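Q: Just my_file07.txt, nothing more (compact mmCIF, C-alpha atoms):
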```txt
# COMPACT_ATOMS: atom_id res chain seq x y z
CA MET Q 1 0.00 0.00 0.00
CA ILE Q 2 1.22 3.30 -0.92
CA ASN Q 3 1.59 5.69 1.94
CA PHE Q 4 0.71 9.24 0.83
CA LEU Q 5 1.38 10.91 4.12
CA PRO Q 6 5.07 11.72 3.59
CA HIS Q 7 4.36 13.15 0.18
CA LYS Q 8 1.52 15.21 1.57
CA ALA Q 9 3.76 16.68 4.26
CA ARG Q 10 6.45 17.52 1.80
CA PHE Q 11 3.87 19.24 -0.44
CA LYS Q 12 2.71 21.45 2.44
CA ASN Q 13 6.28 22.57 3.19
CA ASN Q 14 6.88 23.40 -0.46
CA ALA Q 15 3.66 25.36 -0.69
CA TYR Q 16 4.58 27.31 2.42
CA HIS Q 17 8.00 28.04 0.99
CA ILE Q 18 6.54 29.12 -2.34
CA ASN Q 19 3.99 31.41 -0.66
CA LEU Q 20 6.68 33.06 1.47
CA ILE Q 21 8.86 33.72 -1.54
CA SER Q 22 5.91 35.17 -3.46
CA ALA Q 23 5.01 37.41 -0.57
CA LEU Q 24 8.59 38.68 -0.28
CA LYS Q 25 8.62 39.37 -4.00
CA VAL Q 26 5.39 41.33 -3.76
CA ILE Q 27 6.69 43.36 -0.81
CA CYS Q 28 9.94 44.11 -2.64
CA CYS Q 29 8.01 45.21 -5.70
CA LEU Q 30 5.81 47.46 -3.63
CA VAL Q 31 8.80 48.95 -1.87
CA CYS Q 32 10.63 49.46 -5.15
CA LEU Q 33 7.61 51.04 -6.75
CA GLY Q 34 6.57 53.08 -3.74
CA LEU Q 35 9.92 54.60 -2.79
CA PRO Q 36 10.63 56.30 -6.13
CA GLY Q 37 7.05 57.54 -6.17
CA LYS Q 38 7.54 59.12 -2.79
CA LEU Q 39 10.84 60.62 -3.87
CA ILE Q 40 9.27 61.96 -7.05
CA ALA Q 41 6.31 63.28 -5.12
CA LYS Q 42 8.61 64.91 -2.60
CA GLY Q 43 10.70 66.47 -5.34
CA THR Q 44 7.60 67.68 -7.17
CA THR Q 45 6.17 69.11 -3.98
CA SER Q 46 9.42 70.94 -3.25
CA LYS Q 47 9.55 72.23 -6.78
CA LEU Q 48 5.97 73.43 -6.72
CA SER Q 49 6.53 75.02 -3.34
CA TYR Q 50 9.58 76.87 -4.70
CA ILE Q 51 7.65 78.17 -7.71
CA SER Q 52 4.81 79.31 -5.47
CA VAL Q 53 7.18 81.33 -3.26
CA ALA Q 54 8.82 82.90 -6.29
CA ASP Q 55 5.46 83.80 -7.80
CA THR Q 56 4.27 85.26 -4.51
CA THR Q 57 7.40 87.43 -4.25
CA ALA Q 58 6.97 88.64 -7.84
CA ASP Q 59 3.30 89.43 -7.24
CA SER Q 60 4.15 91.34 -4.05
CA THR Q 61 6.79 93.40 -5.86
CA LEU Q 62 4.40 94.16 -8.71
CA LEU Q 63 1.64 95.16 -6.29
CA LYS Q 64 4.04 97.43 -4.40
CA GLN Q 65 5.07 99.20 -7.60
CA ARG Q 66 1.46 99.71 -8.62
CA LEU Q 67 0.53 101.12 -5.21
CA ILE Q 68 3.46 103.55 -5.47
CA ASN Q 69 2.45 104.57 -9.01
CA ASN Q 70 -1.12 105.14 -7.83
CA ALA Q 71 0.06 107.30 -4.91
CA PHE Q 72 2.24 109.38 -7.25
CA ASP Q 73 -0.71 109.86 -9.61
CA ASN Q 74 -2.50 111.59 -6.73
CA ILE Q 75 0.60 113.71 -6.12
CA PHE Q 76 0.69 114.71 -9.79
CA ILE Q 77 -2.97 115.70 -9.67
CA GLU Q 78 -2.34 117.75 -6.55
CA ASN Q 79 0.28 119.75 -8.47
CA LEU Q 80 -1.90 120.54 -11.49
CA ARG Q 81 -2.92 124.12 -12.17
CA THR Q 82 -6.14 125.35 -10.53
CA SER Q 83 -8.93 127.36 -12.15
CA GLU Q 84 -9.42 130.80 -10.62
CA GLY Q 85 -11.91 133.61 -11.03
CA GLY Q 86 -12.49 136.97 -9.34
CA ASN Q 87 -10.79 140.29 -9.95
CA ASP Q 88 -7.33 141.85 -9.89
CA TYR Q 89 -6.96 145.30 -8.37
CA PHE Q 90 -4.38 148.01 -9.18
CA ASN Q 91 -3.78 146.65 -12.68
CA LYS Q 92 -2.44 149.15 -15.16
CA VAL Q 93 -5.61 148.51 -17.21
CA LYS Q 94 -8.57 148.38 -14.81
CA THR Q 95 -10.80 145.30 -14.83
CA GLN Q 96 -14.06 144.28 -13.23
CA LEU Q 97 -13.61 140.54 -13.68
CA THR Q 98 -10.61 138.30 -14.32
CA ALA Q 99 -10.42 134.56 -14.78
CA ASP Q 100 -7.69 131.99 -15.30
CA LEU Q 101 -9.59 128.87 -16.33
CA ALA Q 102 -7.52 125.68 -16.49
CA PRO Q 103 -9.65 122.54 -16.87
CA ASN Q 104 -7.40 119.49 -16.70
CA PHE Q 105 -8.14 116.47 -18.90
CA ILE Q 106 -6.19 113.42 -17.77
CA LEU Q 107 -5.03 111.53 -20.84
CA PHE Q 108 -3.00 108.77 -19.23
CA GLN Q 109 -3.18 107.44 -15.68
CA THR Q 110 -2.66 103.84 -14.62
CA PRO Q 111 -1.04 102.07 -11.64
CA LYS Q 112 0.86 100.00 -14.21
CA SER Q 113 3.06 102.94 -15.20
CA ARG Q 114 5.09 105.68 -13.53
CA PHE Q 115 4.04 108.07 -16.33
CA PHE Q 116 1.07 110.45 -16.14
CA ALA Q 117 -0.21 112.73 -18.91
CA VAL Q 118 -2.65 115.64 -18.86
CA PHE Q 119 -4.03 118.17 -21.34
CA THR Q 120 -4.91 121.61 -19.93
CA ALA Q 121 -7.23 123.86 -21.95
CA ARG Q 122 -6.15 127.07 -20.22
CA VAL Q 123 -7.80 130.41 -21.03
CA LYS Q 124 -7.14 133.78 -19.34
CA ILE Q 125 -9.86 136.42 -19.55
CA ARG Q 126 -10.03 140.05 -18.46
CA LEU Q 127 -13.33 141.91 -18.50
CA LEU Q 128 -12.31 145.55 -18.74
CA ALA Q 129 -13.84 148.25 -16.54
CA SER Q 130 -14.81 150.46 -19.45
CA ARG Q 131 -17.96 151.22 -21.41
CA GLY Q 132 -19.54 148.04 -22.72
CA ALA Q 133 -17.33 145.92 -20.43
CA PRO Q 134 -15.37 144.41 -23.33
CA VAL Q 135 -13.27 141.27 -23.04
CA LYS Q 136 -9.98 142.33 -24.53
CA SER Q 137 -8.35 139.57 -26.61
CA PRO Q 138 -8.32 136.60 -24.22
CA SER Q 139 -5.15 134.58 -23.79
CA PHE Q 140 -5.57 131.07 -25.15
CA MET Q 141 -2.94 128.89 -23.51
CA PRO Q 142 -3.63 125.18 -24.18
CA GLY Q 143 -0.89 122.72 -23.35
CA ALA Q 144 0.03 119.13 -22.60
CA THR Q 145 2.26 117.86 -19.79
CA ILE Q 146 3.86 114.49 -19.04
CA PHE Q 147 4.87 113.61 -15.49
CA TYR Q 148 7.41 110.94 -14.50
CA ARG Q 149 8.21 109.76 -11.00
CA LEU Q 150 11.88 109.46 -10.04
CA ASN Q 151 11.74 107.67 -6.68
CA GLU Q 152 9.46 105.44 -4.61
CA ASP Q 153 9.13 107.51 -1.44
CA THR Q 154 5.62 108.97 -1.33
CA TYR Q 155 6.55 110.98 1.78
CA LYS Q 156 9.53 112.57 -0.01
CA PRO Q 157 8.53 112.41 -3.67
CA LYS Q 158 10.75 113.45 -6.54
CA PHE Q 159 9.45 113.73 -10.07
CA LEU Q 160 9.81 115.49 -13.42
CA SER Q 161 7.41 117.04 -15.88
CA PHE Q 162 7.84 118.11 -19.48
CA GLY Q 163 5.23 120.28 -21.15
CA TYR Q 164 4.40 122.06 -24.37
CA SER Q 165 2.18 125.17 -24.36
CA HIS Q 166 0.78 127.57 -26.91
CA HIS Q 167 -0.09 131.20 -26.11
CA SER Q 168 -2.06 133.40 -28.48
CA ASN Q 169 -4.89 135.94 -28.42
CA GLY Q 170 -6.85 134.70 -31.43
CA VAL Q 171 -6.51 138.05 -33.23
CA ARG Q 172 -5.38 138.30 -36.86
CA GLY Q 173 -4.53 142.01 -37.08
CA PRO Q 174 -0.99 143.32 -37.58
CA SER Q 175 1.18 142.88 -34.49
CA LEU Q 176 2.86 146.27 -34.97
CA ASN Q 177 1.50 149.74 -35.60
CA PRO Q 178 2.94 151.82 -38.46
CA ASP Q 179 5.21 153.60 -35.96
CA GLY Q 180 6.72 150.28 -34.81
CA SER Q 181 4.90 150.13 -31.47
CA PHE Q 182 2.88 147.07 -30.51
CA ASN Q 183 -0.75 146.99 -31.61
CA ARG Q 184 -2.45 146.40 -28.25
CA ASP Q 185 -5.93 146.97 -29.64
CA SER Q 186 -6.16 144.37 -32.42
CA GLY Q 187 -2.67 143.01 -32.93
CA LYS Q 188 -1.81 139.33 -33.24
CA PHE Q 189 0.14 137.73 -30.40
CA THR Q 190 1.61 134.22 -30.66
CA THR Q 191 4.32 132.24 -28.92
CA ASN Q 192 5.00 128.56 -28.22
CA PHE Q 193 7.15 127.23 -25.42
CA TYR Q 194 8.49 124.10 -23.72
CA THR Q 195 8.93 123.65 -19.97
CA LEU Q 196 11.05 121.13 -18.07
CA THR Q 197 10.29 121.05 -14.32
CA TYR Q 198 11.89 119.23 -11.39
CA TYR Q 199 9.76 118.68 -8.27
CA THR Q 200 10.50 117.63 -4.72
CA GLY Q 201 8.05 117.19 -1.87
CA LYS Q 202 7.66 116.33 1.77
CA ARG Q 203 4.64 114.97 3.60
CA THR Q 204 4.15 115.47 7.34
CA ASP Q 205 1.41 113.66 9.25
CA LYS Q 206 0.05 115.15 12.45
CA GLU Q 207 -3.01 114.39 14.52
CA ASN Q 208 -6.01 115.04 12.25
CA LEU Q 209 -3.79 116.94 9.81
CA ILE Q 210 -1.75 116.12 6.69
CA ILE Q 211 0.73 118.73 5.42
CA ASN Q 212 2.16 118.38 1.93
CA ARG Q 213 4.94 120.69 0.78
CA TYR Q 214 6.08 120.84 -2.84
CA ASP Q 215 8.93 122.78 -4.41
CA ASN Q 216 9.78 123.03 -8.09
CA ILE Q 217 12.25 124.71 -10.39
CA ALA Q 218 11.73 124.92 -14.15
CA LEU Q 219 13.33 126.03 -17.38
CA GLU Q 220 10.96 127.56 -19.93
CA VAL Q 221 12.23 127.97 -23.51
CA HIS Q 222 10.18 129.65 -26.24
CA ALA Q 223 10.40 128.57 -29.88
CA GLY Q 224 10.79 132.24 -30.77
CA LEU Q 225 14.39 131.93 -29.57
CA PHE Q 226 14.98 130.03 -32.81
CA GLY Q 227 12.69 132.23 -34.90
CA LEU Q 228 9.83 129.71 -34.84
CA GLY Q 229 6.17 130.02 -33.85
CA VAL Q 230 6.29 133.65 -32.77
CA SER Q 231 4.43 136.77 -33.87
CA GLU Q 232 6.17 139.78 -35.37
CA GLY Q 233 8.12 142.11 -33.11
CA LEU Q 234 8.47 139.91 -30.03
CA LYS Q 235 12.16 139.12 -30.54
CA ASP Q 236 14.34 141.06 -28.06
CA HIS Q 237 11.19 142.51 -26.45
CA TYR Q 238 9.65 139.41 -24.88
CA GLY Q 239 11.26 136.86 -22.56
CA PHE Q 240 12.13 133.69 -24.51
CA ILE Q 241 14.13 132.01 -21.72
CA ARG Q 242 12.58 131.96 -18.27
CA VAL Q 243 13.37 130.36 -14.94
CA ASN Q 244 10.22 129.45 -13.02
CA GLY Q 245 9.79 128.17 -9.50
CA SER Q 246 7.26 127.71 -6.75
CA ARG Q 247 6.68 126.47 -3.22
CA MET Q 248 3.30 125.17 -2.12
CA TYR Q 249 1.89 124.03 1.20
CA ASN Q 250 -1.31 122.01 1.06
CA LEU Q 251 -3.11 121.24 4.34
CA ALA Q 252 -5.76 118.53 4.59
CA LYS Q 253 -7.82 118.32 7.76
CA ALA Q 254 -9.67 115.35 9.28
CA TYR Q 255 -13.43 115.71 9.65
CA ASP Q 256 -16.02 113.35 11.08
CA ASP Q 257 -17.48 111.26 8.29
CA PRO Q 258 -21.19 112.28 8.02
CA LEU Q 259 -22.08 108.85 6.60
CA GLU Q 260 -20.06 106.49 8.82
CA LYS Q 261 -20.06 107.11 12.54
CA GLY Q 262 -16.66 106.92 14.21
CA LYS Q 263 -14.70 107.36 10.95
CA LYS Q 264 -12.69 110.31 9.70
CA VAL Q 265 -12.28 111.75 6.21
CA TYR Q 266 -9.50 114.11 5.11
CA LYS Q 267 -10.50 117.14 3.07
CA ASN Q 268 -8.68 120.18 1.77
CA TRP Q 269 -8.47 122.93 4.32
CA GLN Q 270 -5.83 125.49 3.37
CA ARG Q 271 -3.22 126.09 0.69
CA ILE Q 272 -0.42 128.62 0.37
CA ARG Q 273 1.44 129.00 -2.91
CA PHE Q 274 4.37 131.20 -3.94
CA ASP Q 275 5.40 131.47 -7.60
CA PHE Q 276 8.12 133.36 -9.43
CA THR Q 277 9.33 133.82 -13.00
CA TYR Q 278 12.65 135.39 -14.00
CA ILE Q 279 13.35 136.40 -17.61
CA ALA Q 280 16.93 135.28 -18.30
CA ASP Q 281 17.60 136.23 -21.94
CA LYS Q 282 18.20 139.54 -23.73
CA TYR Q 283 15.21 141.77 -23.24
CA ASP Q 284 14.98 145.44 -24.28
CA ASN Q 285 18.54 146.04 -23.02
CA TYR Q 286 17.44 145.67 -19.40
CA SER Q 287 20.27 144.58 -17.11
CA ALA Q 288 20.24 141.12 -15.52
CA VAL Q 289 19.42 142.66 -12.14
CA ASP Q 290 16.60 144.90 -13.35
CA PHE Q 291 14.02 142.93 -11.42
CA LYS Q 292 11.29 145.51 -12.03
CA LYS Q 293 11.17 144.35 -15.66
CA ARG Q 294 12.43 140.78 -15.38
CA LEU Q 295 10.67 139.34 -12.35
CA ASN Q 296 7.10 138.16 -11.81
CA VAL Q 297 6.12 137.03 -8.30
CA SER Q 298 2.86 136.02 -6.66
CA LEU Q 299 1.68 134.76 -3.27
CA LYS Q 300 -1.79 133.26 -2.87
CA TYR Q 301 -3.75 131.87 0.05
CA TYR Q 302 -6.68 129.46 -0.33
CA TYR Q 303 -9.24 128.47 2.28
CA GLN Q 304 -11.76 125.69 1.80
CA PHE Q 305 -14.79 125.14 4.01
CA PRO Q 306 -15.92 121.52 4.58
CA PHE Q 307 -19.19 122.26 2.75
CA MET Q 308 -17.24 123.43 -0.36
CA PRO Q 309 -15.99 120.09 -1.76
CA SER Q 310 -14.24 121.50 -4.83
CA THR Q 311 -14.10 125.28 -4.33
CA ALA Q 312 -11.90 127.50 -2.17
CA LEU Q 313 -11.78 131.16 -1.29
CA MET Q 314 -8.66 132.83 -2.69
CA PHE Q 315 -6.74 135.94 -1.71
CA GLY Q 316 -3.31 137.07 -2.84
CA GLY Q 317 -1.15 139.54 -4.63
CA GLY Q 318 2.10 140.02 -6.44
CA TYR Q 319 4.10 141.93 -9.00
CA ARG Q 320 4.29 141.52 -12.77
CA GLY Q 321 7.50 142.78 -14.33
CA GLN Q 322 6.19 141.58 -17.67
CA ASP Q 323 2.43 141.11 -17.89
CA ASP Q 324 1.49 137.56 -18.91
CA TYR Q 325 -1.63 138.65 -20.79
CA ASN Q 326 -0.69 138.52 -24.51
CA GLN Q 327 -0.22 141.99 -26.09
CA PHE Q 328 -0.16 143.68 -22.67
CA PHE Q 329 3.28 142.18 -21.94
CA GLU Q 330 4.94 145.62 -21.87
CA ASP Q 331 3.12 146.56 -18.64
CA SER Q 332 4.73 146.29 -15.19
CA TYR Q 333 2.70 146.72 -11.98
CA GLY Q 334 1.78 145.35 -8.56
CA TYR Q 335 -1.67 143.90 -7.92
CA ILE Q 336 -4.02 142.26 -5.42
CA THR Q 337 -6.34 139.41 -6.41
CA VAL Q 338 -9.53 138.17 -4.72
CA GLY Q 339 -11.81 135.37 -5.87
CA LEU Q 340 -12.52 131.65 -5.96
CA ALA Q 341 -10.43 128.66 -7.01
CA SER Q 342 -11.73 125.35 -8.24
CA ASP Q 343 -10.44 122.27 -10.03
CA LEU Q 344 -9.76 118.60 -9.44
CA SER Q 345 -6.12 119.56 -8.88
CA PHE Q 346 -7.18 121.11 -5.56
CA ASN Q 347 -9.25 118.12 -4.50
CA PHE Q 348 -7.17 116.07 -2.05
CA GLY Q 349 -10.00 113.60 -1.58
CA LYS Q 350 -10.58 110.94 1.08
CA HIS Q 351 -7.74 108.98 2.68
```
What would you get if you wrote out this structure as structure tokens?
A:
Amino acid sequence: MINFLPHKARFKNNAYHINLISALKVICCLVCLGLPGKLIAKGTTSKLSYISVADTTADSTLLKQRLINNAFDNIFIENLRTSEGGNDYFNKVKTQLTADLAPNFILFQTPKSRFFAVFTARVKIRLLASRGAPVKSPSFMPGATIFYRLNEDTYKPKFLSFGYSHHSNGVRGPSLNPDGSFNRDSGKFTTNFYTLTYYTGKRTDKENLIINRYDNIALEVHAGLFGLGVSEGLKDHYGFIRVNGSRMYNLAKAYDDPLEKGKKVYKNWQRIRFDFTYIADKYDNYSAVDFKKRLNVSLKYYYQFPFMPSTALMFGGGYRGQDDYNQFFEDSYGYITVGLASDLSFNFGKH
């Protein structure tokens, strides 16, 4: 009789051995497959993490630059020319109403750029205090200006501007009378000029008060210096090279927000501005220190009530060595001015 028991025992041992080997093989395969996957996953995670940090840094830098550009845009607007109307007293030619209207049309403004561009459709008008109250040949002075920021410090800003301006009276009559004098009644006046200006500023924050100070110095060159874009007779009698400058203090005051209890809003309160112009080129044989004929200066004070969101009371005075009103440029006199000022360039807004 055949005994199957030994064979059966041997078969069980072999099966156990085979199963153990298979299990070890499976474990090895899993380890071999799993370890590289973990390494790859770890490497990928590290790589993705690195890219994310880099992208975050880049985004933060970009956002910072755009916030700075946006803040400088507000500074540029604050330095734009205001519109003013009222009357000048003690002029050589008496007036009953004067206006210097300077609406500013912003052509380019974006946080993506440090450039800022504006077109100003400036017009100066004098309503004469004579029979019929005529407006004597207004001064049309349109111009365009490009601003460019130089630094990133909004509390100590530095920036440049370059502008082109046209000045004419819209009259087509002869500029000179038969005797060679200037035709002030119906004579044509035209000049074109370019202005390069360097600005610096300083902001001071106090309790419920923001004080902005701006200084600038500029070189103004007229095309007439090269015999271009100028009416007859102005050469050697009108300033073609001028040095301009100004200092301005702008004060914004905190008021209780009428719409949100417990919050404050900053609005324009006061402004003081000093301007000067010095004629630097040859001019009717006047000496370089003949300030009575070469220097224009003005000092103006503005006060804005909280219920006047875009208008301010204005009071000031100055001296004109060369009148800046077209064909009246031969006049020199001191004056006092009283009126109103308004424009977005005076609107400091909420902060």
Q: Nearest to Asn183 of chain Q: which of Q:Ala218, Q:Leu234, Q:Val265, Q:Ile279 is it, counting all atoms listed in the file?
A: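 With all atoms listed in the file as the atom set, the closest residue is Q:Leu234.
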Q: So that I can see what lies close to Thr204 of chain Q, please list as a PDB file with C-alpha atoms, in the frame of the given file the residues with an atom at most 12 Å from it, counting all atoms listed in the file and leaving out residues fewer than 3 positions away in the same chain.
A:
```
ATOM      1  CA  THR Q 154       5.620 108.970  -1.330  1.00  0.00           C
ATOM      2  CA  TYR Q 155       6.550 110.980   1.780  1.00  0.00           C
ATOM      3  CA  LYS Q 156       9.530 112.570  -0.010  1.00  0.00           C
ATOM      4  CA  GLY Q 201       8.050 117.190  -1.870  1.00  0.00           C
ATOM      5  CA  GLU Q 207      -3.010 114.390  14.520  1.00  0.00           C
ATOM      6  CA  ASN Q 208      -6.010 115.040  12.250  1.00  0.00           C
ATOM      7  CA  LEU Q 209      -3.790 116.940   9.810  1.00  0.00           C
ATOM      8  CA  ILE Q 210      -1.750 116.120   6.690  1.00  0.00           C
ATOM      9  CA  ILE Q 211       0.730 118.730   5.420  1.00  0.00           C
ATOM     10  CA  ASN Q 212       2.160 118.380   1.930  1.00  0.00           C
ATOM     11  CA  ARG Q 213       4.940 120.690   0.780  1.00  0.00           C
ATOM     12  CA  TYR Q 214       6.080 120.840  -2.840  1.00  0.00           C
ATOM     13  CA  TYR Q 249       1.890 124.030   1.200  1.00  0.00           C
ATOM     14  CA  ASN Q 250      -1.310 122.010   1.060  1.00  0.00           C
ATOM     15  CA  LEU Q 251      -3.110 121.240   4.340  1.00  0.00           C
ATOM     16  CA  ALA Q 252      -5.760 118.530   4.590  1.00  0.00           C
TER      17      ALA Q 252
END
```
Q: How many Å separate atom CA of Leu219 of chain Q from atom CA of Gly245 of chain Q?
A: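 Atom CA of Gly245 of chain Q lies at a distance of 8.9 Å from atom CA of Leu219 of chain Q.
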Q: Could you tell me which of Q:Thr311, Q:Ser161, Q:Ser342, Q:Gln327 comes closest to Thr190 of chain Q if we count only C-alpha atoms?
A: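 Using only C-alpha atoms, the shortest distance to Thr190 of chain Q belongs to Q:Gln327.
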Q: At a cut-off of 8 Å, can you tabulate as CSV every residue of segment 142-176 of chain Q near segment 113-137 of chain Q together with its closest atom pair and the distance in Å to one decimal, using all atoms listed in the file and ordering rows by chain then number?
A:
```
residue,atom,partner,partner_atom,distance
Q:Pro142,CA,Q:Ala121,CA,4.4
Q:Gly143,CA,Q:Thr120,CA,5.4
Q:Ala144,CA,Q:Phe119,CA,4.4
Q:Thr145,CA,Q:Val118,CA,5.5
Q:Ile146,CA,Q:Ala117,CA,4.4
Q:Phe147,CA,Q:Phe116,CA,5.0
Q:Tyr148,CA,Q:Phe115,CA,4.8
Q:Arg149,CA,Q:Arg114,CA,5.7
Q:Asn169,CA,Q:Ser137,CA,5.3
Q:Gly170,CA,Q:Ser137,CA,7.0
Q:Val171,CA,Q:Ser137,CA,7.0
```
Q: Which residues of segment 250-323 of chain Q come within 12 Å of segment 91-111 of chain Q, and what is each one's closest atom pair and distance in Å (one decimal), counting all atoms listed in the file, sorted by chain and residue number, as a tab-separated table?
A:
```
residue	atom	partner	partner_atom	distance
Q:Gly317	CA	Q:Asn91	CA	11.1
Q:Gly318	CA	Q:Asn91	CA	10.8
Q:Tyr319	CA	Q:Asn91	CA	9.9
Q:Arg320	CA	Q:Asn91	CA	9.6
Q:Gly321	CA	Q:Lys92	CA	11.8
Q:Gln322	CA	Q:Lys92	CA	11.8
Q:Asp323	CA	Q:Lys92	CA	9.8
```
Q: Next, write the just-selected residues to a file, as a PDB file, in the coordinates of the input, keeping C-alpha atoms as the atom set.
A:
```pdb
ATOM      1  CA  GLY Q 317      -1.150 139.540  -4.630  1.00  0.00           C
ATOM      2  CA  GLY Q 318       2.100 140.020  -6.440  1.00  0.00           C
ATOM      3  CA  TYR Q 319       4.100 141.930  -9.000  1.00  0.00           C
ATOM      4  CA  ARG Q 320       4.290 141.520 -12.770  1.00  0.00           C
ATOM      5  CA  GLY Q 321       7.500 142.780 -14.330  1.00  0.00           C
ATOM      6  CA  GLN Q 322       6.190 141.580 -17.670  1.00  0.00           C
ATOM      7  CA  ASP Q 323       2.430 141.110 -17.890  1.00  0.00           C
TER       8      ASP Q 323
END
```
Q: Which residues are close to segment 268-278 of chain Q, i.e. within 7 Å by all atoms listed in the file, leaving aside same-chain residues fewer than 2 positions away? Reply as a PyMOL selection string.
A: chain Q and resi 242-253+266+280+294-305+347-348
Q: Which one is closest to Glu152 of chain Q: Q:Asn69, Q:Gly233, Q:Leu196, Q:Tyr89? Count all atoms listed in the file.
A: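 Smallest separation from Glu152 of chain Q among the options: Q:Asn69.
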Q: Looking at all atoms listed in the file, which of Q:Val230, Q:Ala288, Q:Ala223, Q:Leu313 is the one that sits closest to Ala341 of chain Q?
A: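 Distance minimum relative to Ala341 of chain Q lands on Q:Leu313.
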Q: Mind giving me the straight-line distance from atom CA of Ala254 of chain Q to atom CA of Lys267 of chain Q in Å, one decimal?
A: 6.5 Å
Q: What does the distance between atom CA of Glu84 of chain Q and atom CA of His237 of chain Q come to in Å, to one decimal place?
A: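 Spanning atom CA of Glu84 of chain Q to atom CA of His237 of chain Q is a straight-line distance of 28.5 Å.
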